[in-house]
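Source file entry-v1.txt; content: compact mmCIF, C-alpha atoms.
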# COMPACT_ATOMS: atom_id res chain seq x y z
CA MET A 1 -45.81 -161.41 74.30
CA ALA A 2 -49.56 -161.31 75.01
CA GLN A 3 -52.15 -158.52 74.90
CA LEU A 4 -51.76 -156.37 78.02
CA GLY A 5 -54.72 -155.10 80.02
CA PHE A 6 -55.75 -153.48 83.28
CA TYR A 7 -57.65 -154.91 86.23
CA ILE A 8 -59.59 -152.44 88.37
CA ASN A 9 -60.89 -153.57 91.76
CA GLN A 10 -63.56 -150.92 91.99
CA SER A 11 -64.65 -152.01 95.45
CA LEU A 12 -61.22 -150.92 96.75
CA CYS A 13 -61.01 -147.57 94.93
CA SER A 14 -61.37 -144.72 97.43
CA GLY A 15 -61.36 -141.94 94.84
CA CYS A 16 -58.08 -140.49 96.12
CA LYS A 17 -56.85 -139.82 92.54
CA ALA A 18 -53.25 -140.80 93.35
CA CYS A 19 -53.23 -142.71 90.04
CA THR A 20 -54.33 -139.61 88.13
CA VAL A 21 -51.78 -137.36 89.81
CA ALA A 22 -48.91 -139.84 89.37
CA CYS A 23 -49.73 -140.32 85.68
CA LYS A 24 -50.04 -136.57 85.21
CA ASP A 25 -46.67 -136.01 86.90
CA LYS A 26 -44.86 -138.79 85.03
CA ASN A 27 -46.14 -137.55 81.66
CA ASN A 28 -45.76 -133.83 82.51
CA LEU A 29 -49.36 -133.17 81.47
CA ASN A 30 -50.91 -129.71 81.29
CA VAL A 31 -53.92 -128.64 83.33
CA GLY A 32 -57.08 -130.28 82.00
CA ILE A 33 -55.26 -133.24 80.41
CA ASN A 34 -55.48 -136.58 82.23
CA PHE A 35 -54.51 -139.91 80.72
CA ARG A 36 -56.01 -141.69 83.76
CA ARG A 37 -59.19 -140.32 85.23
CA VAL A 38 -61.18 -141.11 88.36
CA TYR A 39 -64.92 -140.61 88.13
CA ALA A 40 -67.36 -140.35 91.02
CA TYR A 41 -70.84 -141.74 90.58
CA GLU A 42 -73.58 -140.73 93.01
CA GLU A 43 -77.32 -141.27 93.04
CA GLY A 44 -80.15 -141.36 95.49
CA SER A 45 -81.48 -138.99 98.11
CA PHE A 46 -82.40 -138.48 101.72
CA LEU A 47 -86.13 -138.79 102.40
CA GLN A 48 -87.97 -137.28 105.36
CA LYS A 49 -90.44 -139.80 106.70
CA PRO A 50 -93.40 -138.36 108.60
CA THR A 51 -92.90 -140.59 111.63
CA SER A 52 -89.48 -142.24 111.40
CA GLY A 53 -86.95 -139.49 110.69
CA ILE A 54 -84.66 -139.46 107.67
CA VAL A 55 -84.15 -142.49 105.44
CA GLN A 56 -81.57 -142.62 102.64
CA ASN A 57 -81.13 -144.62 99.47
CA VAL A 58 -77.77 -143.07 98.54
CA LYS A 59 -75.33 -145.00 96.37
CA ALA A 60 -71.82 -143.75 95.56
CA TYR A 61 -68.62 -145.20 94.15
CA TYR A 62 -65.48 -144.28 92.22
CA PHE A 63 -63.99 -145.65 89.05
CA SER A 64 -60.47 -145.25 87.65
CA ILE A 65 -60.05 -145.55 83.90
CA ALA A 66 -57.42 -144.86 81.24
CA CYS A 67 -56.93 -146.17 77.71
CA ASN A 68 -58.17 -149.75 77.55
CA HIS A 69 -55.86 -150.69 74.66
CA CYS A 70 -58.93 -152.18 73.02
CA THR A 71 -58.97 -155.21 70.77
CA ASN A 72 -60.89 -153.12 68.22
CA PRO A 73 -59.85 -149.55 69.05
CA ARG A 74 -62.02 -146.90 67.40
CA CYS A 75 -59.15 -144.38 67.46
CA VAL A 76 -56.80 -146.30 65.13
CA PRO A 77 -58.86 -146.26 61.90
CA THR A 78 -60.01 -142.67 62.40
CA CYS A 79 -56.51 -141.18 62.32
CA PRO A 80 -56.04 -139.76 58.81
CA VAL A 81 -52.23 -139.73 59.05
CA GLY A 82 -51.65 -143.14 60.66
CA ALA A 83 -50.24 -141.72 63.90
CA ILE A 84 -52.07 -144.28 66.04
CA SER A 85 -51.07 -147.91 66.04
CA LYS A 86 -51.71 -151.09 67.99
CA ASN A 87 -48.56 -153.04 68.78
CA LYS A 88 -48.80 -156.59 67.40
CA ASP A 89 -46.78 -158.06 70.28
CA ASN A 90 -48.36 -156.53 73.40
CA GLY A 91 -51.53 -154.90 72.01
CA VAL A 92 -50.66 -151.46 73.41
CA VAL A 93 -52.18 -148.58 71.43
CA THR A 94 -49.88 -145.56 71.05
CA ILE A 95 -49.91 -142.20 69.28
CA ASP A 96 -46.70 -141.22 67.48
CA GLN A 97 -46.18 -137.60 68.46
CA ASP A 98 -43.95 -136.97 65.44
CA VAL A 99 -46.78 -137.99 63.08
CA CYS A 100 -49.90 -136.68 64.87
CA GLN A 101 -51.47 -133.68 63.14
CA GLY A 102 -53.96 -132.85 65.90
CA THR A 103 -57.15 -133.53 63.92
CA GLN A 104 -58.82 -134.76 67.14
CA LEU A 105 -60.71 -137.46 65.26
CA CYS A 106 -59.34 -140.01 67.74
CA VAL A 107 -60.68 -137.91 70.63
CA LYS A 108 -64.15 -137.96 69.06
CA ALA A 109 -63.99 -141.67 68.17
CA CYS A 110 -62.98 -143.12 71.55
CA PRO A 111 -66.01 -143.99 73.68
CA TYR A 112 -63.82 -143.90 76.82
CA GLY A 113 -62.28 -140.45 76.36
CA ALA A 114 -58.74 -141.85 76.33
CA PRO A 115 -57.05 -139.59 73.74
CA GLN A 116 -56.50 -136.12 75.16
CA TYR A 117 -55.91 -133.07 72.96
CA ASN A 118 -53.12 -130.69 73.97
CA LYS A 119 -53.87 -127.19 72.66
CA LYS A 120 -50.31 -126.04 73.38
CA VAL A 121 -48.67 -128.55 71.04
CA PHE A 122 -51.68 -129.17 68.74
CA ARG A 123 -51.51 -132.95 69.19
CA SER A 124 -53.41 -135.71 70.91
CA ASN A 125 -51.83 -138.24 73.24
CA LYS A 126 -52.93 -140.89 75.72
CA CYS A 127 -51.86 -143.64 78.09
CA ASP A 128 -49.06 -145.71 76.59
CA PHE A 129 -49.12 -148.29 79.40
CA CYS A 130 -45.86 -146.76 80.73
CA LEU A 131 -43.92 -148.90 78.27
CA ASP A 132 -40.73 -147.02 79.23
CA LEU A 133 -41.15 -148.15 82.86
CA GLN A 134 -42.12 -151.69 81.85
CA GLU A 135 -38.91 -151.96 79.80
CA LYS A 136 -37.01 -151.28 83.04
CA GLY A 137 -39.00 -153.98 84.87
CA GLU A 138 -41.24 -151.49 86.68
CA ASP A 139 -45.01 -151.32 86.89
CA PRO A 140 -47.05 -148.61 85.19
CA VAL A 141 -47.11 -145.58 87.48
CA CYS A 142 -50.86 -145.85 88.16
CA VAL A 143 -50.38 -149.41 89.40
CA SER A 144 -47.40 -148.67 91.64
CA THR A 145 -48.98 -145.52 93.09
CA CYS A 146 -52.45 -146.78 94.04
CA PRO A 147 -52.41 -146.94 97.87
CA MET A 148 -55.34 -149.36 97.88
CA GLY A 149 -53.85 -151.80 95.36
CA ALA A 150 -56.98 -151.34 93.24
CA ILE A 151 -55.15 -151.36 89.88
CA GLU A 152 -53.23 -154.30 88.43
CA PHE A 153 -51.92 -155.01 84.96
CA GLY A 154 -50.70 -157.98 82.96
CA PRO A 155 -51.65 -160.23 80.09
CA ILE A 156 -55.42 -159.81 79.75
CA ASP A 157 -56.04 -163.56 79.41
CA GLU A 158 -54.38 -164.13 82.79
CA LEU A 159 -56.34 -161.27 84.39
CA ARG A 160 -59.60 -162.67 83.01
CA LYS A 161 -58.74 -166.16 84.22
CA LYS A 162 -58.01 -164.77 87.69
CA TYR A 163 -60.76 -162.11 88.03
CA GLY A 164 -63.49 -162.84 85.46
CA ARG A 165 -64.65 -161.11 82.30
CA VAL A 166 -66.57 -158.05 83.49
CA SER A 167 -65.45 -155.06 81.41
CA GLN A 168 -68.41 -152.73 81.78
CA ILE A 169 -70.20 -151.13 84.70
CA LYS A 170 -73.12 -148.72 85.05
CA GLY A 171 -72.40 -145.50 83.21
CA MET A 172 -69.84 -146.95 80.79
CA PRO A 173 -70.34 -147.38 77.04
CA SER A 174 -71.03 -150.90 75.83
CA SER A 175 -67.92 -153.06 75.88
CA LYS A 176 -69.09 -154.52 72.55
CA ILE A 177 -68.08 -151.29 70.77
CA THR A 178 -64.30 -151.79 71.13
CA ASN A 179 -63.74 -154.96 73.22
CA PRO A 180 -61.63 -153.21 75.88
CA ASN A 181 -58.76 -155.09 77.47
CA LEU A 182 -60.05 -154.35 80.91
CA VAL A 183 -61.33 -156.45 83.80
CA ILE A 184 -63.39 -154.86 86.56
CA LEU A 185 -64.42 -156.14 89.95
CA PRO A 186 -67.47 -153.87 90.22
CA HIS A 187 -68.58 -152.03 93.31
CA LYS A 188 -71.87 -153.58 94.44
CA ASP A 189 -73.83 -150.54 93.23
CA ALA A 190 -72.01 -150.36 89.87
CA LYS A 191 -72.96 -153.81 88.59
CA LEU A 192 -75.04 -154.04 85.45
CA SER A 193 -78.18 -156.09 85.93
CA ASN A 194 -76.75 -158.95 83.82
CA THR A 195 -73.33 -159.14 85.60
Let me see whether you can do it: turn the structure in this file into structure tokens.
Amino acid sequence: MAQLGFYINQSLCSGCKACTVACKDKNNLNVGINFRRVYAYEEGSFLQKPTSGIVQNVKAYYFSIACNHCTNPRCVPTCPVGAISKNKDNGVVTIDQDVCQGTQLCVKACPYGAPQYNKKVFRSNKCDFCLDLQEKGEDPVCVSTCPMGAIEFGPIDELRKKYGRVSQIKGMPSSKITNPNLVILPHKDAKLSNT
């Protein structure tokens, strides 16, 4: 099996957060804990021109992100008890809840905010790529729930061949830090100057 990854068509994302809610429901997550998050990015303003009314230079878009099951995940080596591992077959990074001691070092190490600390159980957890659903031949819940079809998944090499190699947009940490297994079709206002 090959390294799995996500494809996000950011130009289709409407910010509805159906992916976040479905993931939260499937994983029975407490308030404040989200394995998949949707961020809104807004900039610009409305300018009053002395003779021509109001002119705007507003830019806004949404971005859905979860664990990127990175090639070089920062969370794995920081765990002092070895609770976090990267599967050799599919590249999925998981946290063993029976081993996790809740040190939160993984939370601090991940540049994407993927590990989430649960104060009620004193453990961290994160997206596990819905491996239980995939074993039944189903898609991850974020993929099957997105009404816009903005999220896809599959072997990352196939996604890159089909959609390109962009894995970073404005506002994200450098993809060089962890080499995320993520492909993004950026919104026109989210593109980095070199993409």
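Across A:Val55, A:Met172, A:Leu105, A:Val76, the tightest approach to Ser124 of chain A is made by A:Leu105 when counting all atoms listed in the file.
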Could you pull the residues within 8 Å of segment 117-120 of chain A, counting all atoms listed in the file, minus those fewer than 3 positions along the same chain, as a PDB file with C-alpha atoms, keeping the file's coordinate frame?
ATOM      1  CA  ASN A  30     -50.910-129.710  81.290  1.00  0.00           C
ATOM      2  CA  ILE A  33     -55.260-133.240  80.410  1.00  0.00           C
ATOM      3  CA  GLY A 102     -53.960-132.850  65.900  1.00  0.00           C
ATOM      4  CA  GLN A 104     -58.820-134.760  67.140  1.00  0.00           C
ATOM      5  CA  VAL A 107     -60.680-137.910  70.630  1.00  0.00           C
ATOM      6  CA  ARG A 123     -51.510-132.950  69.190  1.00  0.00           C
ATOM      7  CA  SER A 124     -53.410-135.710  70.910  1.00  0.00           C
ATOM      8  CA  ASN A 125     -51.830-138.240  73.240  1.00  0.00           C
TER       9      ASN A 125
END
Next item on the list: Please provide as a PyMOL selection string all residues within 9 Å of Cys106 of chain A, with the sequence filter that same-chain residues fewer than 3 positions apart are discarded (counting only C-alpha atoms).
Entry: chain A and resi 74-79+84+103+109-110+114-116+124
Check: Looking at only C-alpha atoms, which of A:Val183, A:Cys13, A:Ala40, A:Cys100 is the one that sits closest to Phe153 of chain A?
Finding: A:Val183
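Counting only C-alpha atoms, the residue from A:Val93, A:Leu182, A:Leu159, A:Val58 that sits nearest to Leu131 of chain A is A:Val93.
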